[in-house]
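Structure, as structure tokens:
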Amino acid sequence: MTAVTSPEAVAEKPLPMSRGRYLYLLAAVTWPAQVIAIVGTMSGNAQAAVAQHFRTTHIAWFSVTLFIVTLAITPFAMRFGQIYGKRKVMLVLIGIGLAGDVVVALSPNYAVMLVGRALAGFYGPVAALVFASVRDLFPRERVASVYTVIGAVMGGASLASPLVAGLLMDHQGWRSVLWTMAGVTVLSVVCIALIPETPVRGSLAGLDWLGGILMGTGTSVVAIGVGMGGDWGWTSASILGCLIGGCALFALFVVVELRTPRPIFDVRILGRRSVSTVLTGPALIVGTANIAPTVLTFLALFPAIPHVSASLGWSLTHLALIGIPAALAWVAAGLLTGYVLRKVPPRTVWLAGSLTMTAGLLLCALYHRTTTEIILTGIVVAVGTGVIQGTSNAMIVSVVGPDDQAPANGLSGMLGAVIAILGLQLVFVVMSNQSNVVNGMAFYQDSAFTNGYYLLTAMATLGVLVSTLMPRVERPADALAK
């Protein structure tokens with residue numbers, strides 16, 4: 001794909017920059033890239049309290065609603081970022097997401113809360129736009145290191161967010177956590193405003209609206225089918241209609257994209273083995289990593305009730321404190337990954353991190369009843385997660401050119417969202433098979449948590465198998481020097 005830069009391009013490929021400007025831009029792009037990680041962690045920690053407050057067995061939709069909206073708008077957001085400038089698009093998206101955070105914090109019932117979560121889904125593509133902006137804003141020899149720093153900071157966010165959420169929830173209630181999420185979004189608006197605008201390419205003419213709508217609708221329909229299977233019956237006409245209809249929409253999406261002169265996403269790049277495997281394998285691994293904390297949240301924070309609930313009944317503060325070693329391991333692994341990538345091809349580093357995370361999830365399935373077990377298994381998972389977060393974008397940079405960077409990052413985010421949507425629904429479906437519903441709430445047996453972790457292990461294993469098909473990927477510095 002050859003992009004044409006319009007005469008009104010607002011920025012050029014940056015020249016070598018001073019250390020001061022480098023640090024300024026690094027700080028400005030790092031925080032917005034964390035908004036989903038921070039808000040996701042905090043909302044995940046509040047999720048158990050939300051389920052108990054509104055007495056709902058459909059708490060999975062608290063996260064799934066956000067993922068579906070993110071998936072539906074990501075292709076348009078990435079294309080608009082190329083047409084109008086990524087900074088402008090990020091400001092619009094984060095503004096809508098902020099409105100959603102406020103609705104969530106004020107919601108009088110669960111239905112209104114889901115509306116707010118849908119609006120909050122608009123800031124989902126911001127991280128992908130930030131990663132796509134890095135290549136426009138930084139000298140090419142620093143791009144890979146910037147990605148590594150952003151990935152390592154996610155570990156710091158995983159350390160601070162639960163602690164803040166725990167203190168707030170234990171002393172001020174769960175709504176204070178939701179208001180803090182809005183404050184995180186406000187700070188992201190400020191940081192994005194400080195980022196220079198990126199070059200604009202192309203025009204709105206011929207935008208593939210149909211392709212984007214088909215993809216978003218198809219995913220939503222499949223998610224509804226998976227999520228409601230336990231209630232409607234897996235062999236009911238409604239569920240089968242959702243699953244078959246969603247798959248048909250996906251197939252039609254591919255046909256439309258192949259025939260459209262200017263597709264919302266050029267699916268032809270998936271015909272290149274180097275690109276398809278680098279996108280699909282990491283999507284499975286990262287998507288699994290994003291939903292894994294959900295199982296721990298319900299294991300730790302739901303009450304312990306003999307013969308009814310096998311959860312541990314911890315406070316959120318206690319959960320956050322015992323998570324500190326894992327968070328520190330994540331940060332250390334992420335920073336070390338940046339050094340290792342200078343000497344070792346990212347494929348090798350990626351496989352090592354993926355295998356470590358998969359082994360950690362298997363250990364979680366076997367050992368999750370004591371504080372010591374959760375600390376130790378959490379460290380193993382965190383080391384693997386830190387490595388994969390620091391490596392995934394480095395691999396994308398290595399296999400696609402500058403003009404395909406935004407679409408590739410967008411497609412990577414979309415695939416991860418699909419895995420997160422379907423995986424999260426499946427986790428709750430599996431866990432609900434070993435649950436007791438009392439006063440409208442589902443309380444889980446120990447086998448529910450074990451099977452939930454086994455499902456996550458299977459998803460991660462599939463991601464590892466796909467990743468082994470990746471060809472040898474050059475070190476980022478080598479690729480960017482071409």
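Here's how to read the names in the structure tokens: chain A, B, ... by the order shown, residue numbers from 1 in each chain, ligand numbers from 1 in the order shown.
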
Checklist line | strand (DSSP E) call set, DSSP backbone run, stretch 239-361 of chain A, as a count of residues only | finding: 4

Margin query: Let's see if you can do this: from backbone DSSP, list all alpha helix (DSSP H) residues in stretch 47-267 of chain A, as a PyMOL selection string.
Written below: chain A and resi 47-54+60-84+86-106+110-120+126-137+143-172+174-193+209-227+229-232+237-259

Note to self: List the spatial neighbours of stretch 171-179 of chain A as a VMD selection string - criterion: any atom at most 6 Å away, only C-alpha atoms, same-chain residues fewer than 5 positions off excluded.
What the structure shows: chain A and resid 46 105 165

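Considering the residues A:Gly85, A:Pro325, A:Gly463, A:Gly218 and counting only C-alpha atoms, A:Phe250 has its shortest atom-to-atom contact with A:Gly218.
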
Check: When you draw a straight line from atom CA of A:Val64 to atom CA of A:Thr219, how long is it in Å?
Finding: 10.9 Å

Next item on the list: Counting only C-alpha atoms, figure out which residue out of A:Val267, A:Met459, A:Ala420, A:Leu363 gets nearest to A:Gly287.
Entry: A:Ala420

Margin query: Env of A:Met431: 12 Å cut, atoms = only C-alpha atoms, seq-sep filter 3 positions within chain, self excluded. Answer as number ranges by chain.
Written below: A: 57, 60, 230, 294-295, 298-299, 424-428, 434-436, 442-456
